[in-house]
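*Asks:* Structure file upload-v6.cif (mmCIF, C-alpha atoms) is given on the next line.
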data_run
#
loop_
_atom_site.label_atom_id
_atom_site.label_comp_id
_atom_site.auth_asym_id
_atom_site.auth_seq_id
_atom_site.Cartn_x
_atom_site.Cartn_y
_atom_site.Cartn_z
CA MET B 15 128.22 98.33 115.05
CA ASN B 16 129.69 97.88 111.58
CA PHE B 17 128.01 98.19 108.19
CA ARG B 18 127.06 94.51 108.11
CA GLU B 19 125.45 94.73 111.57
CA VAL B 20 123.52 97.81 110.51
CA ASN B 21 122.28 95.85 107.51
CA GLY B 22 121.26 93.07 109.88
CA LEU B 23 119.04 95.45 111.85
CA LEU B 24 117.61 96.76 108.60
CA ALA B 25 116.85 93.21 107.50
CA ILE B 26 114.78 92.64 110.63
CA PHE B 27 112.87 95.84 109.92
CA LEU B 28 112.37 94.88 106.28
CA LEU B 29 111.04 91.45 107.17
CA ALA B 30 108.52 92.90 109.59
CA SER B 31 107.51 95.58 107.10
CA SER B 32 107.08 93.12 104.25
CA SER B 33 104.47 91.17 106.16
CA PHE B 34 102.37 94.28 106.52
CA LEU B 35 102.98 96.10 103.25
CA THR B 36 102.80 93.27 100.74
CA TRP B 37 100.65 90.56 102.20
CA ALA B 38 98.27 92.55 104.45
CA ALA B 39 97.84 95.87 102.65
CA PRO B 40 95.59 94.59 99.82
CA SER B 41 92.94 93.67 102.41
CA GLN B 42 92.59 97.26 103.64
CA SER B 43 89.36 99.04 102.86
CA PRO B 44 89.16 101.36 99.83
CA ASP B 45 88.22 104.25 102.13
CA THR B 46 91.43 103.86 104.12
CA LEU B 47 93.52 103.61 100.96
CA SER B 48 92.03 106.66 99.26
CA LYS B 49 92.39 108.73 102.42
CA GLU B 50 96.15 108.15 102.49
CA ALA B 51 96.90 108.42 98.77
CA MET B 52 98.48 111.36 96.95
CA ASN B 53 96.79 112.57 93.79
CA ALA B 54 98.26 112.06 90.31
CA SER B 55 99.70 115.57 89.92
CA GLU B 56 101.56 115.24 93.24
CA LYS B 57 103.05 111.89 92.19
CA ARG B 58 104.72 113.38 89.13
CA ASN B 59 106.68 115.94 91.16
CA ILE B 60 108.18 113.66 93.81
CA PHE B 61 111.95 113.21 93.91
CA VAL B 62 114.46 112.36 96.63
CA GLU B 63 118.20 112.93 96.92
CA LEU B 64 120.60 111.97 99.68
CA GLY B 65 122.09 114.98 101.47
CA GLU B 66 118.99 117.13 101.15
CA SER B 67 117.73 118.86 104.28
CA PRO B 68 114.44 117.91 105.93
CA GLU B 69 113.35 121.48 105.27
CA ALA B 70 113.62 120.86 101.53
CA TRP B 71 111.14 117.98 101.81
CA ALA B 72 108.84 120.11 103.95
CA ARG B 73 108.88 122.94 101.41
CA ARG B 74 108.11 120.63 98.48
CA TYR B 75 105.65 118.22 100.06
CA GLY B 76 104.19 120.10 103.04
CA LYS B 77 101.76 118.11 105.17
CA GLN B 78 102.42 114.97 103.14
CA VAL B 79 105.62 114.56 105.17
CA GLU B 80 105.25 112.71 108.47
CA VAL B 81 107.92 113.28 111.11
CA ASN B 82 109.02 110.83 113.81
CA SER B 83 111.40 112.41 116.33
CA LYS B 84 110.96 109.91 119.17
CA ASN B 85 114.46 108.43 118.74
CA HIS B 86 117.08 110.51 120.52
CA GLY B 87 119.43 112.12 118.02
CA LEU B 88 117.62 110.79 114.94
CA LYS B 89 114.58 112.09 113.07
CA PHE B 90 112.69 110.17 110.39
CA TYR B 91 110.76 111.94 107.63
CA SER B 92 108.30 109.80 105.65
CA LEU B 93 106.26 110.01 102.46
CA ASP B 94 103.67 107.25 102.10
CA TRP B 95 101.45 105.81 99.39
CA THR B 96 99.34 102.67 99.27
CA VAL B 97 99.34 99.40 97.37
CA ARG B 98 96.22 100.37 95.42
CA ASN B 99 97.37 103.90 94.74
CA PRO B 100 101.21 103.81 94.62
CA GLY B 101 103.45 106.75 93.88
CA GLN B 102 106.07 107.58 91.28
CA LEU B 103 109.47 108.70 92.49
CA VAL B 104 112.65 110.04 90.89
CA VAL B 105 115.89 109.07 92.63
CA ARG B 106 118.55 111.73 92.13
CA ASN B 107 122.28 111.76 92.74
CA ARG B 108 123.74 114.99 91.37
CA SER B 109 123.33 114.70 87.58
CA SER B 110 122.20 111.08 87.77
CA GLU B 111 118.57 110.08 88.13
CA PHE B 112 116.19 107.21 87.52
CA GLN B 113 112.46 106.79 88.06
CA LEU B 114 110.60 104.27 90.18
CA HIS B 115 106.97 103.29 89.76
CA ALA B 116 104.63 101.62 92.26
CA VAL B 117 106.36 103.27 95.23
CA LEU B 118 104.83 102.63 98.65
CA GLY B 119 107.03 104.85 100.77
CA ALA B 120 110.22 106.86 101.20
CA MET B 121 111.87 107.60 104.55
CA GLY B 122 114.77 109.98 105.11
CA THR B 123 116.96 109.70 108.23
CA PHE B 124 118.40 112.88 109.73
CA ASP B 125 121.18 112.64 112.32
CA ASP B 126 121.24 115.62 114.72
CA GLU B 127 124.96 115.02 115.31
CA TYR B 128 125.77 115.75 111.64
CA PRO B 129 123.19 118.37 110.56
CA GLU B 130 125.38 119.66 107.74
CA GLU B 131 125.03 116.29 105.96
CA GLY B 132 121.24 116.49 105.61
CA PHE B 133 119.64 113.10 105.08
CA SER B 134 122.34 110.47 105.64
CA LYS B 135 120.00 107.62 104.66
CA ILE B 136 116.92 107.26 102.48
CA LEU B 137 114.90 104.04 102.38
CA ILE B 138 112.40 103.50 99.56
CA THR B 139 109.76 100.76 99.54
CA ALA B 140 108.28 99.69 96.20
CA SER B 141 106.11 97.03 94.64
CA ILE B 142 106.89 95.35 91.32
CA SER B 143 103.34 94.31 90.44
CA HIS B 144 99.95 95.98 90.07
CA GLY B 145 98.22 93.21 91.99
CA GLU B 146 98.96 91.25 95.12
CA THR B 147 100.82 88.48 93.27
CA ILE B 148 103.21 88.09 90.35
CA ALA B 149 104.75 85.11 88.55
CA HIS B 150 108.21 84.35 89.92
CA ASP B 151 109.78 84.49 86.47
CA GLU B 152 108.17 87.88 85.80
CA ALA B 153 109.45 89.13 89.16
CA ARG B 154 112.94 87.95 88.22
CA GLN B 155 112.78 89.85 84.93
CA LYS B 156 111.34 93.01 86.51
CA ILE B 157 113.92 93.19 89.27
CA PHE B 158 116.68 92.61 86.73
CA ALA B 159 115.24 95.44 84.59
CA LEU B 160 115.33 97.71 87.65
CA LEU B 161 118.97 96.82 88.25
CA GLN B 162 119.81 97.66 84.63
CA LYS B 163 118.02 101.00 84.98
CA ILE B 164 120.18 101.78 88.01
CA ARG B 165 123.35 100.79 86.17
CA SER B 166 122.34 102.93 83.19
CA ALA B 167 122.06 105.90 85.56
CA GLY B 168 125.77 105.54 86.33
CA TRP B 169 125.77 103.38 89.46
CA THR B 170 128.46 100.68 89.66
CA ARG B 171 128.68 97.50 91.72
CA TRP B 172 129.99 97.87 95.28
CA ILE B 173 131.31 94.85 97.18
CA TYR B 174 131.85 95.17 100.93
CA PRO B 175 135.65 95.56 101.35
CA SER B 176 136.09 92.32 103.32
CA ASP B 177 133.96 90.26 100.92
CA PRO B 178 135.44 88.29 98.00
CA ARG B 179 135.45 89.69 94.47
CA LEU B 180 133.20 87.26 92.60
CA SER B 181 131.26 87.93 89.42
CA GLY B 182 128.44 86.40 87.43
CA GLU B 183 127.35 82.89 88.34
CA ASP B 184 130.12 82.56 90.95
CA ALA B 185 128.67 85.46 92.96
CA PHE B 186 125.30 83.73 93.11
CA ARG B 187 126.83 80.32 93.86
CA TYR B 188 128.78 81.82 96.78
CA GLN B 189 125.82 83.75 98.17
CA ILE B 190 123.59 80.68 98.10
CA ALA B 191 126.25 78.33 99.52
CA GLU B 192 127.08 80.70 102.38
CA ASP B 193 123.48 81.91 102.81
CA ASP B 194 125.05 85.37 102.96
CA THR B 195 122.23 87.80 102.20
CA PHE B 196 124.56 90.77 102.73
CA TYR B 197 126.82 89.77 99.85
CA SER B 198 126.52 92.00 96.80
CA LEU B 199 125.22 89.98 93.86
CA ASP B 200 126.31 90.81 90.31
CA SER B 201 123.65 92.88 88.54
CA ASN B 202 125.19 92.02 85.17
CA TYR B 203 124.12 88.40 85.56
CA LEU B 204 120.52 87.28 85.17
CA PRO B 205 120.25 83.90 86.91
CA PRO B 206 117.96 81.18 85.53
CA LEU B 207 114.70 80.67 87.39
CA ASN B 208 115.92 77.62 89.34
CA ILE B 209 118.82 79.65 90.78
CA TRP B 210 116.53 82.64 91.40
CA MET B 211 114.26 80.49 93.54
CA LYS B 212 117.22 79.41 95.69
CA LEU B 213 118.10 82.97 96.71
CA SER B 214 117.42 83.77 100.34
CA ASP B 215 114.88 86.36 101.32
CA ARG B 216 116.42 89.85 101.48
CA SER B 217 119.13 89.04 98.93
CA GLN B 218 120.69 92.23 97.61
CA TRP B 219 122.73 94.08 95.04
CA LYS B 220 124.96 96.97 96.14
CA PHE B 221 125.99 100.02 94.10
CA PHE B 222 128.04 103.19 94.55
CA LEU B 223 128.04 106.61 92.90
CA ASN B 224 129.17 110.10 93.95
CA ASP B 225 129.93 109.16 97.57
CA VAL B 226 126.59 107.38 97.96
CA ALA B 227 126.14 103.65 98.60
CA MET B 228 122.92 101.97 97.47
CA SER B 229 121.48 98.55 98.23
CA VAL B 230 118.58 96.94 96.38
CA ARG B 231 116.85 94.13 98.26
CA PHE B 232 113.80 92.01 97.65
CA SER B 233 111.59 90.05 100.00
CA ARG B 234 108.95 87.54 99.03
CA ASP B 235 106.12 85.66 100.69
CA GLN B 236 107.65 82.40 101.90
CA ASP B 237 104.27 80.68 101.67
CA ARG B 238 104.18 81.32 97.90
CA MET B 239 107.45 79.80 96.75
CA LYS B 240 106.32 77.21 94.18
CA PRO B 241 108.00 78.26 90.90
CA ASN B 242 104.94 77.43 88.77
CA LEU B 243 102.54 79.42 90.97
CA PRO B 244 102.35 83.19 91.59
CA GLY B 245 104.47 84.74 94.32
CA ALA B 246 104.38 88.06 96.16
CA TYR B 247 107.36 90.43 96.19
CA ILE B 248 108.41 93.75 97.64
CA VAL B 249 111.60 95.73 96.94
CA TRP B 250 113.63 98.07 99.13
CA ILE B 251 116.17 100.57 97.88
CA GLU B 252 118.36 102.13 100.54
CA MET B 253 120.84 104.94 99.93
CA GLU B 254 123.48 105.79 102.49
CA SER B 255 126.21 108.43 102.47
CA LYS B 256 129.85 107.35 102.29
CA ASN B 257 130.41 109.09 105.62
CA GLU B 258 127.62 107.09 107.25
CA VAL B 259 128.91 103.82 105.78
CA GLU B 260 132.35 104.48 107.26
CA ARG B 261 130.98 105.74 110.61
CA SER B 262 128.91 102.57 110.99
CA GLU B 263 132.13 100.57 111.43
CA PHE B 264 132.54 102.11 114.89
CA LYS B 265 130.52 102.65 118.04
CA GLY B 266 130.79 104.62 121.25
CA GLU B 267 133.74 106.98 121.56
CA GLU B 268 135.43 105.46 118.52
CA ARG B 269 132.54 106.63 116.34
CA LYS B 270 133.47 110.23 117.12
CA LYS B 271 136.97 109.57 115.71
CA TRP B 272 135.82 107.62 112.66
CA LYS B 273 137.70 109.74 110.12
CA ALA B 274 141.04 108.98 111.75
CA LEU B 275 140.24 105.33 112.45
CA TYR B 276 138.60 104.26 109.19
CA PRO B 277 141.76 103.94 107.01
CA GLY B 278 143.15 101.35 109.43
CA GLU B 279 139.82 99.51 109.51
CA ARG B 280 139.74 99.46 105.73
CA LYS B 281 143.16 97.83 105.59
CA LYS B 282 141.92 95.08 107.93
CA GLN B 283 138.88 94.51 105.73
CA LEU B 284 140.96 94.20 102.58
CA SER B 285 143.26 91.70 104.32
CA THR B 286 140.20 89.64 105.22
CA ARG B 287 139.12 89.74 101.58
CA ILE B 288 142.46 88.39 100.37
CA GLU B 289 142.33 85.50 102.86
CA GLN B 290 138.77 84.61 101.81
CA GLU B 291 139.67 84.71 98.15
CA LYS B 292 142.58 82.31 98.65
CA LYS B 293 140.24 79.76 100.23
CA LEU B 294 137.61 80.20 97.53
CA GLN B 295 140.13 79.71 94.72
CA VAL B 296 140.91 76.27 96.15
CA GLN B 297 137.17 75.52 95.96
CA GLY B 298 137.08 76.39 92.26
CA TYR B 299 135.82 79.97 92.38
CA LYS B 300 137.29 82.49 89.97
CA ILE B 301 138.32 85.75 91.62
CA ASP B 302 137.52 88.90 89.65
CA VAL B 303 140.93 90.54 90.04
CA GLU B 304 139.87 93.40 87.76
CA TYR B 305 137.25 94.58 90.24
CA LYS B 306 138.09 97.80 92.12
CA ASN B 307 135.87 99.19 94.83
CA PRO B 308 134.36 102.44 93.46
CA ASP B 309 134.75 104.15 96.86
CA GLN B 310 138.53 103.71 96.95
#
As structure tokens - that is how I would like this structure written.
*Replies:*
Amino acid sequence: MNFREVNGLLAIFLLASSSFLTWAAPSQSPDTLSKEAMNASEKRNIFVELGESPEAWARRYGKQVEVNSKNHGLKFYSLDWTVRNPGQLVVRNRSSEFQLHAVLGAMGTFDDEYPEEGFSKILITASISHGETIAHDEARQKIFALLQKIRSAGWTRWIYPSDPRLSGEDAFRYQIAEDDTFYSLDSNYLPPLNIWMKLSDRSQWKFFLNDVAMSVRFSRDQDRMKPNLPGAYIVWIEMESKNEVERSEFKGEERKKWKALYPGERKKQLSTRIEQEKKLQVQGYKIDVEYKNPDQ
């Protein structure tokens, strides 16, 4: 199961989660919401960092951490807030950090096979509005502001090694034409509203910093897609270690030998990229030859 397939499974999870978190959560009773919410002083002290141990979360957040160990070999540690009482969260990566507001949850994944790596994945769920709905143009601006905040914290664009190097409007044109929601859009380009509305659900931007890959996705209520009427959005930010990204290219016995096998796999991916770029140039796309993958 390669990185794209892993993202496919995540997309299914995100779509199911979005239905509950964004569209259903506002109808919950105030009693249920207040029972689950953290208080204001607790919100200010929350931060997450890939590579931390589950014990570090337990020491900082105590009983606020819920543990799911039903999956063999994997444990999931969760912090949860509610739509009416969201959290604030600082995302750290060594000396880099940025803050998120209106956070609904954070889940760290711990792989028993690689205990020395701590959390190999962290998935954060966040809202971008105080209410149930938001104007589509405001959502566009807010998500773009989030992307700029991430870039300002030192994260740079990461394009999957077999995908073409396209920038600006071309990256959006390609993603829409191919309906490729796994393609990394260019966070330096703010598309006009008409292009924004054409993006598929779960479109994403990918980043990389200090051996950590990050994807930022959004999902929106497909029944509220008229540009002149309010929509409903939810955002996911997933961080994944470089080791886990490379391991995900293999399965079974090959996964155990991923360090030896990955360089050869990477060469195949880059060859695929070159072939795709040749075809796209014929179609009028401009290849960003200056782009270098930050994980090289």
*Asks:* Evaluate the PyMOL selection byres ((chain B and resi 287) around 9) on the structure here and hand back the selected residues as a list in words.
*Replies:* Pro175, Ser176, Asp177, Pro178, Arg179, Lys282, Gln283, Leu284, Ser285, Thr286, Ile288, Glu289, Gln290, Glu291 and Lys292 of chain B
*Asks:* Kindly save the residues from that selection, with C-alpha atoms included, as a PDB file, in the frame of the given file.
*Replies:*
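Result went into out_35.pdb, see below:
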ATOM      1  CA  PRO B 175     135.650  95.560 101.350  1.00  0.00           C
ATOM      2  CA  SER B 176     136.090  92.320 103.320  1.00  0.00           C
ATOM      3  CA  ASP B 177     133.960  90.260 100.920  1.00  0.00           C
ATOM      4  CA  PRO B 178     135.440  88.290  98.000  1.00  0.00           C
ATOM      5  CA  ARG B 179     135.450  89.690  94.470  1.00  0.00           C
ATOM      6  CA  LYS B 282     141.920  95.080 107.930  1.00  0.00           C
ATOM      7  CA  GLN B 283     138.880  94.510 105.730  1.00  0.00           C
ATOM      8  CA  LEU B 284     140.960  94.200 102.580  1.00  0.00           C
ATOM      9  CA  SER B 285     143.260  91.700 104.320  1.00  0.00           C
ATOM     10  CA  THR B 286     140.200  89.640 105.220  1.00  0.00           C
ATOM     11  CA  ILE B 288     142.460  88.390 100.370  1.00  0.00           C
ATOM     12  CA  GLU B 289     142.330  85.500 102.860  1.00  0.00           C
ATOM     13  CA  GLN B 290     138.770  84.610 101.810  1.00  0.00           C
ATOM     14  CA  GLU B 291     139.670  84.710  98.150  1.00  0.00           C
ATOM     15  CA  LYS B 292     142.580  82.310  98.650  1.00  0.00           C
TER      16      LYS B 292
END
*Asks:* Select, from B:Ser67, B:Asn202, B:Asn242, B:Ser134, the residue with the minimum atom-to-atom distance to Thr170 (chain B), counting only C-alpha atoms.
*Replies:* B:Asn202
*Asks:* To one decimal in Å, tell me the separation between CA of Glu127 (chain B) and CA of Asp94 (chain B).
*Replies:*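 Here the two named atoms are 26.2 Å from each other.
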*Asks:* List every protein, DNA or RNA residue that has an atom no more than 10 Å from (124.5, 103.0, 99.4) in the file's coordinate frame, counting all atoms listed in the file, and report them as a ChimeraX atom specification.
*Replies:* /B:64,134-136,172,220-223,225-230,251-256,258-259
*Asks:* Would you put the residues from that selection into a file with C-alpha atoms, as a compact mmCIF listing (two decimals), keeping the file's coordinate frame?
*Replies:*
# COMPACT_ATOMS: atom_id res chain seq x y z
CA LEU B 64 120.60 111.97 99.68
CA SER B 134 122.34 110.47 105.64
CA LYS B 135 120.00 107.62 104.66
CA ILE B 136 116.92 107.26 102.48
CA TRP B 172 129.99 97.87 95.28
CA LYS B 220 124.96 96.97 96.14
CA PHE B 221 125.99 100.02 94.10
CA PHE B 222 128.04 103.19 94.55
CA LEU B 223 128.04 106.61 92.90
CA ASP B 225 129.93 109.16 97.57
CA VAL B 226 126.59 107.38 97.96
CA ALA B 227 126.14 103.65 98.60
CA MET B 228 122.92 101.97 97.47
CA SER B 229 121.48 98.55 98.23
CA VAL B 230 118.58 96.94 96.38
CA ILE B 251 116.17 100.57 97.88
CA GLU B 252 118.36 102.13 100.54
CA MET B 253 120.84 104.94 99.93
CA GLU B 254 123.48 105.79 102.49
CA SER B 255 126.21 108.43 102.47
CA LYS B 256 129.85 107.35 102.29
CA GLU B 258 127.62 107.09 107.25
CA VAL B 259 128.91 103.82 105.78
*Asks:* Counting only C-alpha atoms, which residue out of B:Asp200, B:Arg74, B:Gln102, B:Pro129 sits closest to Val117 (chain B)?
*Replies:*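 With only C-alpha atoms as the atom set, the closest residue is B:Gln102.
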*Asks:* Once the PyMOL selection byres ((chain B and resi 158-168) around 10) is applied to the coordinates I shared, what remains selected? I want it as JSON, numbers by chain.
*Replies:* {"B": [105, 106, 107, 109, 110, 111, 112, 113, 114, 142, 152, 153, 154, 155, 156, 157, 169, 170, 171, 200, 201, 202, 203, 204, 205, 219, 220, 221, 222, 223, 224, 228, 230]}
*Asks:* Any chance you could export the current selection's C-alpha atoms as a PDB file, in the coordinates of the input?
*Replies:*
ATOM      1  CA  VAL B 105     115.890 109.070  92.630  1.00  0.00           C
ATOM      2  CA  ARG B 106     118.550 111.730  92.130  1.00  0.00           C
ATOM      3  CA  ASN B 107     122.280 111.760  92.740  1.00  0.00           C
ATOM      4  CA  SER B 109     123.330 114.700  87.580  1.00  0.00           C
ATOM      5  CA  SER B 110     122.200 111.080  87.770  1.00  0.00           C
ATOM      6  CA  GLU B 111     118.570 110.080  88.130  1.00  0.00           C
ATOM      7  CA  PHE B 112     116.190 107.210  87.520  1.00  0.00           C
ATOM      8  CA  GLN B 113     112.460 106.790  88.060  1.00  0.00           C
ATOM      9  CA  LEU B 114     110.600 104.270  90.180  1.00  0.00           C
ATOM     10  CA  ILE B 142     106.890  95.350  91.320  1.00  0.00           C
ATOM     11  CA  GLU B 152     108.170  87.880  85.800  1.00  0.00           C
ATOM     12  CA  ALA B 153     109.450  89.130  89.160  1.00  0.00           C
ATOM     13  CA  ARG B 154     112.940  87.950  88.220  1.00  0.00           C
ATOM     14  CA  GLN B 155     112.780  89.850  84.930  1.00  0.00           C
ATOM     15  CA  LYS B 156     111.340  93.010  86.510  1.00  0.00           C
ATOM     16  CA  ILE B 157     113.920  93.190  89.270  1.00  0.00           C
ATOM     17  CA  TRP B 169     125.770 103.380  89.460  1.00  0.00           C
ATOM     18  CA  THR B 170     128.460 100.680  89.660  1.00  0.00           C
ATOM     19  CA  ARG B 171     128.680  97.500  91.720  1.00  0.00           C
ATOM     20  CA  ASP B 200     126.310  90.810  90.310  1.00  0.00           C
ATOM     21  CA  SER B 201     123.650  92.880  88.540  1.00  0.00           C
ATOM     22  CA  ASN B 202     125.190  92.020  85.170  1.00  0.00           C
ATOM     23  CA  TYR B 203     124.120  88.400  85.560  1.00  0.00           C
ATOM     24  CA  LEU B 204     120.520  87.280  85.170  1.00  0.00           C
ATOM     25  CA  PRO B 205     120.250  83.900  86.910  1.00  0.00           C
ATOM     26  CA  TRP B 219     122.730  94.080  95.040  1.00  0.00           C
ATOM     27  CA  LYS B 220     124.960  96.970  96.140  1.00  0.00           C
ATOM     28  CA  PHE B 221     125.990 100.020  94.100  1.00  0.00           C
ATOM     29  CA  PHE B 222     128.040 103.190  94.550  1.00  0.00           C
ATOM     30  CA  LEU B 223     128.040 106.610  92.900  1.00  0.00           C
ATOM     31  CA  ASN B 224     129.170 110.100  93.950  1.00  0.00           C
ATOM     32  CA  MET B 228     122.920 101.970  97.470  1.00  0.00           C
ATOM     33  CA  VAL B 230     118.580  96.940  96.380  1.00  0.00           C
TER      34      VAL B 230
END
*Asks:* Quick one: apply the PyMOL selection byres ((chain B and resi 69) around 12) to the file and drop the selected residues here as a CSV table (one decimal) with C-alpha atoms, in the coordinates of the input.
*Replies:*
chain,number,residue,atom,x,y,z
B,65,GLY,CA,122.1,115.0,101.5
B,66,GLU,CA,119.0,117.1,101.2
B,67,SER,CA,117.7,118.9,104.3
B,68,PRO,CA,114.4,117.9,105.9
B,70,ALA,CA,113.6,120.9,101.5
B,71,TRP,CA,111.1,118.0,101.8
B,72,ALA,CA,108.8,120.1,104.0
B,73,ARG,CA,108.9,122.9,101.4
B,74,ARG,CA,108.1,120.6,98.5
B,75,TYR,CA,105.6,118.2,100.1
B,76,GLY,CA,104.2,120.1,103.0
B,79,VAL,CA,105.6,114.6,105.2
B,81,VAL,CA,107.9,113.3,111.1
B,91,TYR,CA,110.8,111.9,107.6
B,122,GLY,CA,114.8,110.0,105.1
B,124,PHE,CA,118.4,112.9,109.7
B,129,PRO,CA,123.2,118.4,110.6
B,132,GLY,CA,121.2,116.5,105.6
B,133,PHE,CA,119.6,113.1,105.1
*Asks:* Nearest residue to Gly101 (chain B) out of B:Ser141, B:Thr123, B:Ser181, B:Gln297, using all atoms listed in the file?
*Replies:*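 Using all atoms listed in the file, the shortest distance to Gly101 (chain B) belongs to B:Ser141.
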*Asks:* Give me the residues within 10 Å of region 186-190 of chain B as a list in words, counting only C-alpha atoms and dropping any in the same chain fewer than 4 places off.
*Replies:*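 Surrounding residues, per the criterion: Pro178, Leu180, Ser181, Gly182, Asp194, Thr195, Phe196, Tyr197, Ser198, Leu199, Asp200, Tyr203, Leu204, Pro205, Ile209, Trp210, Lys212, Leu213, Ser214, Ser217, Gln218, Leu294 and Tyr299 of chain B.
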*Asks:* For CA of Val303 (chain B) and CA of Ala185 (chain B), quote the distance in Å rounded to one decimal.
*Replies:*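 Interatomic distance, CA of Val303 (chain B) to CA of Ala185 (chain B): 13.6 Å.
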*Asks:* Considering only C-alpha atoms, state which residue in the set B:Trp95, B:Tyr276, B:Tyr247, B:Phe232 is at the smallest distance from Ser262 (chain B).
*Replies:*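 Closest to Ser262 (chain B), using only C-alpha atoms: B:Tyr276.
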*Asks:* So the first atom is CA of Val97 (chain B) and the second is CA of Thr139 (chain B); what is the distance between them in Å, to one decimal place?
*Replies:*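 Rounded to one decimal, the two atoms are 10.7 Å apart.
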*Asks:* So which one's closest to Pro308 (chain B), B:Glu146, B:Lys84, B:Arg108, B:Ile173? Using only C-alpha atoms, please.
*Replies:*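 With only C-alpha atoms as the atom set, the closest residue is B:Ile173.
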*Asks:* What's the 7 Å shell around His150 (chain B), counting all atoms listed in the file, without same-chain residues fewer than 5 positions away, as a ChimeraX atom specification?
*Replies:* /B:241,244-245
*Asks:* Could you work out an axis-aligned box for region 279-285 of chain B, taking every atom the file lists and adding 6 Å on each side, and report centre and edge lengths in Å to one decimal, as AutoDock Vina command-line options?
*Replies:*
--center_x 141.1 --center_y 95.6 --center_z 106.0 --size_x 16.4 --size_y 19.8 --size_z 18.9
*Asks:* For region 263-276 of chain B, supply N, CA and C atoms and format the output as a short mmCIF file (atom, residue, chain, number, x, y, z; two decimals), keeping the file's coordinate frame.
*Replies:*
data_model
loop_
_atom_site.label_atom_id
_atom_site.label_comp_id
_atom_site.auth_asym_id
_atom_site.auth_seq_id
_atom_site.Cartn_x
_atom_site.Cartn_y
_atom_site.Cartn_z
N GLU B 263 131.14 101.56 111.02
CA GLU B 263 132.13 100.57 111.43
C GLU B 263 132.54 100.73 112.89
N PHE B 264 132.10 101.82 113.53
CA PHE B 264 132.54 102.11 114.89
C PHE B 264 131.35 102.43 115.79
N LYS B 265 131.56 102.31 117.08
CA LYS B 265 130.52 102.65 118.04
C LYS B 265 131.15 103.33 119.25
N GLY B 266 130.31 103.95 120.06
CA GLY B 266 130.79 104.62 121.25
C GLY B 266 131.73 105.77 120.94
N GLU B 267 132.78 105.89 121.74
CA GLU B 267 133.74 106.98 121.56
C GLU B 267 134.51 106.87 120.25
N GLU B 268 134.70 105.63 119.78
CA GLU B 268 135.43 105.46 118.52
C GLU B 268 134.68 106.08 117.35
N ARG B 269 133.35 106.06 117.43
CA ARG B 269 132.54 106.63 116.34
C ARG B 269 132.84 108.12 116.14
N LYS B 270 133.16 108.80 117.22
CA LYS B 270 133.47 110.23 117.12
C LYS B 270 134.79 110.46 116.40
N LYS B 271 135.65 109.43 116.36
CA LYS B 271 136.97 109.57 115.71
C LYS B 271 137.04 108.75 114.43
N TRP B 272 135.88 108.54 113.80
CA TRP B 272 135.82 107.62 112.66
C TRP B 272 136.72 108.02 111.50
N LYS B 273 136.88 109.31 111.26
CA LYS B 273 137.70 109.74 110.12
C LYS B 273 139.15 109.30 110.28
N ALA B 274 139.66 109.38 111.50
CA ALA B 274 141.04 108.98 111.75
C ALA B 274 141.19 107.46 111.79
N LEU B 275 140.15 106.77 112.25
CA LEU B 275 140.24 105.33 112.45
C LEU B 275 139.91 104.51 111.20
N TYR B 276 139.10 105.08 110.30
CA TYR B 276 138.60 104.26 109.19
C TYR B 276 139.71 103.73 108.27
#
